[in-house]
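Asks: Sending over a structure as structure tokens; questions will come in a sec.
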Amino acid sequence: MSDLLYSEIENDLRAGVRELLDDKAPWTGVLAGTEKDEPYDAALWQAVAGQLGCAGLPVPEELGGAGATWRETAVVLEELGRAVAPVPFLTSSVVATAALLAAGERELLGSLAAGERIAVLAVPFATPPGDVAPTAQVSDGKLTGEVAGVADGLAADVLLVPTADGLYAVDAADAARTAVTSLDMTRRLADVAFSGAPARRVAEGGEAVRTALLTGAALLASEQLGLAQRCLDDTVAYVKTRYQFGRPVGSYQGLKHRLADLWTSITQARAVARYAVSCAASGDADLPVAAAVAQAHCSAVALKAAEECVQMHGGIGFTWENSSHLFLKRAKADAIALGTADRHRAALATLADLPSA
Amino acid sequence: MSTAPPDADELSRRVEEFLAAHDPSATEPLEFLRARFDAGLAWVHYPEGLGGLGAPRALQPAVDRLFAKAGAPTNHPERNGIGLGMAAPTILAFGTEEQKRRFLRPLWTGEELWCQLFSEPGAGSDLAALATRAVRDGDRWIVNGQKVWTSMAHEARWAILVTRTDPDVPKHRGMTYFVCDMTAPGVEVRPLRQITGEAEFNEVFLTDVAIPDEHRLGDVGQGWQVSTTTLMNERVAIGGAAAPRESGMIGVVAGLWRDRPELRTPGLHDAVLRAWVETEAARLTGERLRQQLTAGQPGPEGSGAKLAFAKLNQEVSGLELELLGDEGLRYDDWTMRRPTEVDFTRRSPGYRYLRAKGNSIEGGTSEILRNIIAERVLGLPGEIRVDKDVAWKDLPK
Ligand SMILES: Cc1cc2nc3c(=O)[nH]c(=O)nc-3n(C[C@H](O)[C@H](O)[C@H](O)COP(=O)(O)OP(=O)(O)OC[C@H]3O[C@@H](n4cnc5c(N)ncnc54)[C@H](O)[C@@H]3O)c2cc1C
């Protein structure tokens, strides 16, 4: 059985990332950022990717990375989820990096690992693992087509575009990108259009994309876990200090029992998320099952945590000036991203041999 | 001890060596089990000399698998859940050397089964309100009172028993914990029939039962702390058992789904998939919990695993009946029986559905577990306690 705990190195890494985020990404700053034009927090990204070297964690040293694994990468994601940090880590350092690793690409991979460039997989963010139906074509090295709803599409320097003829890298400057007003403004979408953009093939066939989406789904659970834990922590802290009827509202069983249930489902989410990343890290054949279970389970847990966070804060939880809505919007978007829970259950119908009616 | 505890490789080497010396097919089962205990391969996280080797608890399932693969006789844990899951860890934590040597070996081998004399008619969730009196009489104690819901008392040789020894102090402070001989004069066991039709549990009347002082577990007045250890272990035992994928109720339902296409509907398909995911989540959570518990005692975290297990087992056993439709309307047998084991997946769909209803009551109700998590894990304010500083004898009853 895989190790579902955290190593000492992972705990140290977590502490380092949290310290940086507490300093550079307090929720008030994240909130302010949602109303700015910049599609992500470039200074924060420099600190996370460059200074801390997190972007290269899953990349082998000889390819310019830190030579760690998806396990350490997932711990960073937990912290980024906890802070709803507006940086393209999931999209560039996980999904695009997984695609390039699977493809055996080296040049672009090295610059992603170093945090010098940002690449994103140009698919709609709701795409579940599996085969994607390409919406772009290549002829004579020129790419044409449209992809709607690409996460961090505006942050990207390079777009990795699936076609019937393999995966192509396109310089983002050669694409027309339109900002989308997104439900989750801490990870914005862009609609992308290519008309004869110069394109370089980085992978044949669909394997790299399949691996990228599967790895992304497996690791997204860690972001959801971090977010859920933050919502629980904030809510518990609040209900201890908010008095009504002469008692802290956290002394009422109506709230205590719901928070206990939430805590229980978060302990489950942690086990499930750790299992998924450890399967990704070791290339375990059970990864498709682990990723589907992780998404089917953790999507609901993170969303529930954010919803309870809003509800248990009362009126203040419904205001723009409170952190709760940042978590709610991210949690709802994450529940759809990389396949809804229902799509992951549908995948399990096949994987676990539980055929439909 | 100077040597490091054995790792996984060392343990499998020792199992191999043991099996070479004790051919499972040629050895008397009891003799085999005793030898396995003496080799420290019974529960590897227990200390040397008491059936273990001081190894990490997480290594136990691998050891069990090796023995199972070799066709070794088992100690029938389904017959002695209370002994293995609750009495043993409590004896290990609070027992004297003498008590550990006397009780643990026959407990593990299954020669002596155990039951739990905790709940009383007036003390369920509020266990510390219990009224069964133990009065000192020289080097023994005389016990009088009534216990209830005592699972497997009809099979048990020994019981773990909590009593009131000082009614003049607040309830948590006046309790003392004993090991009680179920064959002693004055112990009377009467069946209590359950919603399943059978009587797995009992009421137990204790009339002038004499218990020698050397069967006291922990100090006089320390009964509450000792009981807490028992209860935390109980919750881990119920919710945190090692299990391969699709074991328990979900295995029953998944098998049914595969074998009987005519029962399938889209709504039930969704329900089966949800149950499959949640069961897998609970299984991995149990696995992670075990990885966290090295040789130490479980904390309140085990309550989460037990809480989740109860909910899931009820949902999935209910799903089985729905899936069966017409057949779900039939029950196998309402005859009053005396089962010899506790196994939530045995007998029939109707039995499984009904037995699961006990899961959120036995071992601490789900409401009480939520209180424990809220207060002990999350640090939320405690329930209002009107009885905290009142002497037990002055409490309203
Ligand atoms: C199948 C089965 C096997 C059992 N085996 C054993 C055994 O072997 N040995 C043994 O000692 N006992 C055993 N029990 C007893 C079990 O531990 C008790 O039934 C349980 O602790 C509840 O106590 P009670 O029945 O008195 O219910 P009560 O405590 O009266 O509870 C009634 C209801 O009130 C709720 N409630 C009580 N207090 C609170 C509170 N503070 N906040 C919110 N809600 C509350 C409860 O959750 C429950 O819903 C068994 C029970 C069952 C069902």
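By order in the structure tokens, chains are A, B, ...; within a chain, residues start at 1; ligands start at 1, following the order shown.
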Each residue of chain A lying at most 6 Å from chain B should get a row with its shortest atom-to-atom pair and the distance in Å to one decimal, counting only C-alpha atoms; could you produce that, ordered by chain and increasing number, as JSON lines?
Replies:
{"residue": "A:Leu4", "atom": "CA", "partner": "B:Arg288", "partner_atom": "CA", "distance": 5.7}
{"residue": "A:Gly250", "atom": "CA", "partner": "B:Leu380", "partner_atom": "CA", "distance": 6.0}
{"residue": "A:Ser251", "atom": "CA", "partner": "B:Pro381", "partner_atom": "CA", "distance": 4.9}
{"residue": "A:Lys256", "atom": "CA", "partner": "B:Ala374", "partner_atom": "CA", "distance": 5.6}
{"residue": "A:His257", "atom": "CA", "partner": "B:Arg370", "partner_atom": "CA", "distance": 5.2}
{"residue": "A:Ala260", "atom": "CA", "partner": "B:Ala374", "partner_atom": "CA", "distance": 5.2}
{"residue": "A:Thr264", "atom": "CA", "partner": "B:Gly304", "partner_atom": "CA", "distance": 5.1}
{"residue": "A:Gln268", "atom": "CA", "partner": "B:Thr285", "partner_atom": "CA", "distance": 5.2}
{"residue": "A:Ala271", "atom": "CA", "partner": "B:Thr285", "partner_atom": "CA", "distance": 5.1}
{"residue": "A:Val272", "atom": "CA", "partner": "B:Ala281", "partner_atom": "CA", "distance": 5.8}
{"residue": "A:Val293", "atom": "CA", "partner": "B:Val277", "partner_atom": "CA", "distance": 5.6}
{"residue": "A:Ala357", "atom": "CA", "partner": "B:Arg264", "partner_atom": "CA", "distance": 4.7}
Asks: Would you save the residues of that selection, restricted to N, CA, C and O atoms, as a short mmCIF file (atom, residue, chain, number, x, y, z; two decimals), in the first residue's frame?
Replies:
data_model
loop_
_atom_site.label_atom_id
_atom_site.label_comp_id
_atom_site.auth_asym_id
_atom_site.auth_seq_id
_atom_site.Cartn_x
_atom_site.Cartn_y
_atom_site.Cartn_z
N LEU A 4 0.57 7.11 2.58
CA LEU A 4 -0.45 8.17 2.49
C LEU A 4 -0.12 9.35 3.41
O LEU A 4 -0.91 10.28 3.52
N GLY A 250 -20.46 28.57 17.99
CA GLY A 250 -19.82 27.25 17.87
C GLY A 250 -20.13 26.32 19.01
O GLY A 250 -19.67 25.17 19.02
N SER A 251 -20.90 26.77 19.99
CA SER A 251 -21.28 25.86 21.07
C SER A 251 -22.61 25.18 20.77
O SER A 251 -23.04 24.31 21.51
N LYS A 256 -21.95 22.46 15.49
CA LYS A 256 -20.86 21.55 15.86
C LYS A 256 -20.91 20.25 15.06
O LYS A 256 -19.89 19.76 14.58
N HIS A 257 -22.10 19.70 14.95
CA HIS A 257 -22.20 18.42 14.27
C HIS A 257 -21.89 18.54 12.79
O HIS A 257 -21.27 17.65 12.20
N ALA A 260 -18.20 18.76 12.53
CA ALA A 260 -17.59 17.43 12.75
C ALA A 260 -17.70 16.58 11.49
O ALA A 260 -16.75 15.90 11.10
N THR A 264 -14.66 15.16 9.20
CA THR A 264 -14.57 13.74 8.83
C THR A 264 -14.38 13.60 7.33
O THR A 264 -13.55 12.82 6.87
N GLN A 268 -11.11 12.16 5.02
CA GLN A 268 -11.23 11.22 3.90
C GLN A 268 -10.60 11.81 2.64
O GLN A 268 -9.89 11.13 1.91
N ALA A 271 -6.86 11.36 2.62
CA ALA A 271 -6.41 10.00 2.29
C ALA A 271 -6.55 9.74 0.78
O ALA A 271 -5.66 9.19 0.14
N VAL A 272 -7.67 10.18 0.24
CA VAL A 272 -7.95 9.95 -1.17
C VAL A 272 -6.98 10.74 -2.06
O VAL A 272 -6.45 10.23 -3.04
N VAL A 293 -11.61 8.47 -8.36
CA VAL A 293 -12.13 8.48 -6.98
C VAL A 293 -11.81 9.83 -6.33
O VAL A 293 -12.67 10.44 -5.67
N ALA A 357 -27.00 0.80 -16.73
CA ALA A 357 -28.24 0.01 -16.87
C ALA A 357 -28.48 -0.39 -18.31
O ALA A 357 -28.15 0.34 -19.20
#
Asks: As a quick test: using only C-alpha atoms and all ligand atoms, which residues lie no more than 8 Å away from ligand 1? Give them as a ChimeraX atom specification.
Replies: /A:253 /B:82,115-127,147-153,200-201,355,357-368,371,383
Asks: Restricted to C-alpha atoms, what would the selected residues look like written as a JSON list (two decimals), in the first residue's frame?
Replies:
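Wrote it out as selection.json, contents follow:
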[["chain", "number", "residue", "atom", "x", "y", "z"],
["A", 253, "GLN", "CA", -24.85, 21.33, 18.23],
["B", 82, "ILE", "CA", -14.36, -7.00, 21.85],
["B", 115, "CYS", "CA", -17.45, -9.05, 26.33],
["B", 116, "GLN", "CA", -17.90, -5.46, 27.46],
["B", 117, "LEU", "CA", -19.95, -4.66, 30.58],
["B", 118, "PHE", "CA", -20.22, -0.89, 30.17],
["B", 119, "SER", "CA", -23.75, 0.27, 29.26],
["B", 120, "GLU", "CA", -26.54, 0.24, 31.82],
["B", 121, "PRO", "CA", -30.24, 1.03, 31.64],
["B", 122, "GLY", "CA", -29.53, 4.51, 33.03],
["B", 123, "ALA", "CA", -26.11, 5.05, 31.46],
["B", 124, "GLY", "CA", -25.65, 4.80, 27.69],
["B", 125, "SER", "CA", -24.14, 7.79, 25.96],
["B", 126, "ASP", "CA", -23.58, 9.16, 29.43],
["B", 127, "LEU", "CA", -21.49, 6.17, 30.45],
["B", 147, "LYS", "CA", -25.56, -4.06, 32.58],
["B", 148, "VAL", "CA", -27.34, -4.02, 29.24],
["B", 149, "TRP", "CA", -26.75, -4.40, 25.48],
["B", 150, "THR", "CA", -23.82, -6.69, 26.27],
["B", 151, "SER", "CA", -22.80, -8.25, 22.96],
["B", 152, "MET", "CA", -21.69, -11.88, 23.09],
["B", 153, "ALA", "CA", -21.97, -12.13, 26.87],
["B", 200, "GLU", "CA", -26.50, -11.06, 19.79],
["B", 201, "PHE", "CA", -26.63, -8.89, 22.90],
["B", 355, "ARG", "CA", -27.99, -5.05, 11.57],
["B", 357, "LYS", "CA", -28.84, 0.21, 12.01],
["B", 358, "GLY", "CA", -26.87, -0.72, 15.12],
["B", 359, "ASN", "CA", -23.67, 0.71, 13.67],
["B", 360, "SER", "CA", -24.60, 4.28, 14.52],
["B", 361, "ILE", "CA", -25.53, 3.30, 18.10],
["B", 362, "GLU", "CA", -22.96, 0.72, 19.23],
["B", 363, "GLY", "CA", -19.55, 1.97, 20.26],
["B", 364, "GLY", "CA", -20.82, 5.51, 20.78],
["B", 365, "THR", "CA", -23.74, 6.95, 18.84],
["B", 366, "SER", "CA", -23.03, 9.08, 15.79],
["B", 367, "GLU", "CA", -24.26, 12.13, 17.69],
["B", 368, "ILE", "CA", -21.79, 11.48, 20.51],
["B", 371, "ASN", "CA", -19.60, 15.91, 19.85],
["B", 383, "GLU", "CA", -21.80, 20.92, 25.81]]
Asks: Expressed in Å to a single decimal, how great is the separation between CA of Ala74 in chain A and CA of Ala347 in chain A?
Replies: 22.7 Å
Asks: Within 9 Å of range 85-90 of chain B, counting only C-alpha atoms, which residues show up once you throw out same-chain ones fewer than 5 positions away? Write them as number ranges by chain, please.
Replies: B: 80, 95, 100, 103-104, 107-108, 114-116, 159-160, 217, 226-227, 229-238, 297
Asks: Residues of range 241-314 of chain B classed as helix (DSSP H, G or I) by DSSP on the backbone are to be reported as a PyMOL selection string.
Replies: chain B and resi 249-259+261-263+266-292+302-314
Asks: Please provide as a VMD selection string all residues within 10 Å of Ser2 in chain A, with the sequence filter that same-chain residues fewer than 4 positions apart are discarded (counting only C-alpha atoms).
Replies: (chain A and resid 274 to 279 282 284) or (chain B and resid 284 287 to 288)
Asks: Report, in Å to a single decimal, how far apart CA of Leu57 in chain A and CA of Ile9 in chain A are.
Replies: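 About the pair CA of Ile9 in chain A and CA of Leu57 in chain A: they are 12.5 Å apart.
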Asks: Enter the distance from CA of Tyr177 in chain B to CA of Gly218 in chain B, in Å, rounded to one decimal.
Replies: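 Between CA of Tyr177 in chain B and CA of Gly218 in chain B the gap is 6.8 Å.
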Asks: From the options A:His313, A:Lys332, A:Arg200, A:Arg18, which residue's atoms come nearest to Ala237 in chain A, counting only C-alpha atoms?
Replies: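 For Ala237 in chain A, the nearest of the candidates is A:His313.
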Asks: Which residues are near Arg352 in chain B? Cut-off 12 Å, only C-alpha atoms, ignore same chain within fewer than 6 positions. Put them as a list in words.
Replies: Ile195, Thr196, Gly248, Met249, Ile250, Val252, Val253, Asn313, Gln314, Glu315, Val316, Ser317, Gly318, Leu319, Glu320, Leu321, Gly328, Tyr331, Asp332, Val342, Asp343, Phe344, Thr345, Arg346, Gly358 and Asn359 of chain B
Asks: For the residues in the current selection, export N, CA and C atoms as an mmCIF file, in the first residue's frame.
Replies:
data_model
loop_
_atom_site.group_PDB
_atom_site.id
_atom_site.type_symbol
_atom_site.label_atom_id
_atom_site.label_comp_id
_atom_site.auth_asym_id
_atom_site.auth_seq_id
_atom_site.Cartn_x
_atom_site.Cartn_y
_atom_site.Cartn_z
ATOM 1 N N ILE B 195 -33.717 -6.199 16.604
ATOM 2 C CA ILE B 195 -34.612 -5.966 15.464
ATOM 3 C C ILE B 195 -34.389 -6.980 14.349
ATOM 4 N N THR B 196 -33.289 -7.691 14.385
ATOM 5 C CA THR B 196 -33.023 -8.725 13.391
ATOM 6 C C THR B 196 -33.718 -10.028 13.738
ATOM 7 N N GLY B 248 -16.443 -5.930 2.346
ATOM 8 C CA GLY B 248 -17.613 -5.478 3.099
ATOM 9 C C GLY B 248 -18.828 -5.333 2.210
ATOM 10 N N MET B 249 -19.747 -4.463 2.622
ATOM 11 C CA MET B 249 -21.041 -4.317 1.949
ATOM 12 C C MET B 249 -20.917 -3.982 0.465
ATOM 13 N N ILE B 250 -19.948 -3.138 0.117
ATOM 14 C CA ILE B 250 -19.877 -2.725 -1.283
ATOM 15 C C ILE B 250 -19.551 -3.919 -2.179
ATOM 16 N N VAL B 252 -20.632 -6.918 -1.754
ATOM 17 C CA VAL B 252 -21.894 -7.618 -1.944
ATOM 18 C C VAL B 252 -22.704 -6.926 -3.049
ATOM 19 N N VAL B 253 -22.806 -5.594 -2.950
ATOM 20 C CA VAL B 253 -23.626 -4.843 -3.899
ATOM 21 C C VAL B 253 -23.003 -4.835 -5.299
ATOM 22 N N ASN B 313 -22.246 2.035 5.801
ATOM 23 C CA ASN B 313 -22.764 0.676 5.888
ATOM 24 C C ASN B 313 -24.296 0.680 5.851
ATOM 25 N N GLN B 314 -24.885 1.699 6.456
ATOM 26 C CA GLN B 314 -26.343 1.811 6.423
ATOM 27 C C GLN B 314 -26.832 2.129 5.016
ATOM 28 N N GLU B 315 -26.134 3.050 4.357
ATOM 29 C CA GLU B 315 -26.557 3.427 3.008
ATOM 30 C C GLU B 315 -26.440 2.255 2.046
ATOM 31 N N VAL B 316 -25.304 1.584 2.108
ATOM 32 C CA VAL B 316 -25.051 0.544 1.111
ATOM 33 C C VAL B 316 -25.930 -0.676 1.361
ATOM 34 N N SER B 317 -26.196 -0.994 2.637
ATOM 35 C CA SER B 317 -27.066 -2.143 2.896
ATOM 36 C C SER B 317 -28.505 -1.813 2.499
ATOM 37 N N GLY B 318 -28.890 -0.548 2.607
ATOM 38 C CA GLY B 318 -30.205 -0.128 2.145
ATOM 39 C C GLY B 318 -30.295 -0.203 0.630
ATOM 40 N N LEU B 319 -29.205 0.161 -0.008
ATOM 41 C CA LEU B 319 -29.141 0.105 -1.474
ATOM 42 C C LEU B 319 -29.316 -1.331 -1.971
ATOM 43 N N GLU B 320 -28.727 -2.268 -1.241
ATOM 44 C CA GLU B 320 -28.838 -3.670 -1.660
ATOM 45 C C GLU B 320 -30.311 -4.103 -1.713
ATOM 46 N N LEU B 321 -31.078 -3.732 -0.705
ATOM 47 C CA LEU B 321 -32.493 -4.119 -0.683
ATOM 48 C C LEU B 321 -33.248 -3.501 -1.857
ATOM 49 N N GLY B 328 -36.074 -8.108 -2.137
ATOM 50 C CA GLY B 328 -35.758 -7.314 -0.964
ATOM 51 C C GLY B 328 -36.884 -7.300 0.057
ATOM 52 N N TYR B 331 -37.474 -11.898 4.027
ATOM 53 C CA TYR B 331 -36.482 -11.976 5.100
ATOM 54 C C TYR B 331 -36.136 -13.446 5.300
ATOM 55 N N ASP B 332 -34.909 -13.736 5.701
ATOM 56 C CA ASP B 332 -34.537 -15.160 5.764
ATOM 57 C C ASP B 332 -35.191 -15.886 6.934
ATOM 58 N N VAL B 342 -19.967 -11.727 15.375
ATOM 59 C CA VAL B 342 -20.506 -10.471 14.890
ATOM 60 C C VAL B 342 -19.897 -10.230 13.517
ATOM 61 N N ASP B 343 -20.739 -10.254 12.494
ATOM 62 C CA ASP B 343 -20.254 -10.015 11.138
ATOM 63 C C ASP B 343 -21.375 -9.281 10.401
ATOM 64 N N PHE B 344 -21.109 -8.016 10.059
ATOM 65 C CA PHE B 344 -22.174 -7.182 9.502
ATOM 66 C C PHE B 344 -22.605 -7.609 8.108
ATOM 67 N N THR B 345 -21.828 -8.453 7.446
ATOM 68 C CA THR B 345 -22.195 -8.816 6.072
ATOM 69 C C THR B 345 -22.735 -10.245 5.955
ATOM 70 N N ARG B 346 -23.052 -10.884 7.090
ATOM 71 C CA ARG B 346 -23.477 -12.288 6.963
ATOM 72 C C ARG B 346 -24.988 -12.408 6.703
ATOM 73 N N GLY B 358 -27.584 -0.767 13.840
ATOM 74 C CA GLY B 358 -26.873 -0.722 15.118
ATOM 75 C C GLY B 358 -25.538 0.010 15.029
ATOM 76 N N ASN B 359 -25.007 0.143 13.817
ATOM 77 C CA ASN B 359 -23.667 0.708 13.665
ATOM 78 C C ASN B 359 -23.558 2.155 14.147
#
Asks: Which residues are close to Asp342 in chain A, i.e. within 7 Å by only C-alpha atoms, leaving aside same-chain residues fewer than 3 positions away? Reply as a compact mmCIF listing (two decimals) with C-alpha atoms, in the first residue's frame.
Replies:
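The result, stored in result29.txt:
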# COMPACT_ATOMS: atom_id res chain seq x y z
CA ALA A 296 -15.53 12.25 -7.48
CA ARG A 345 -18.07 8.27 -11.67
CA ALA A 346 -18.91 7.41 -15.26
Asks: Which is closer to Arg258 in chain A than all the others in A:Leu77, A:Ala43, A:Ala68, A:Met312, using only C-alpha atoms?
Replies: A:Met312
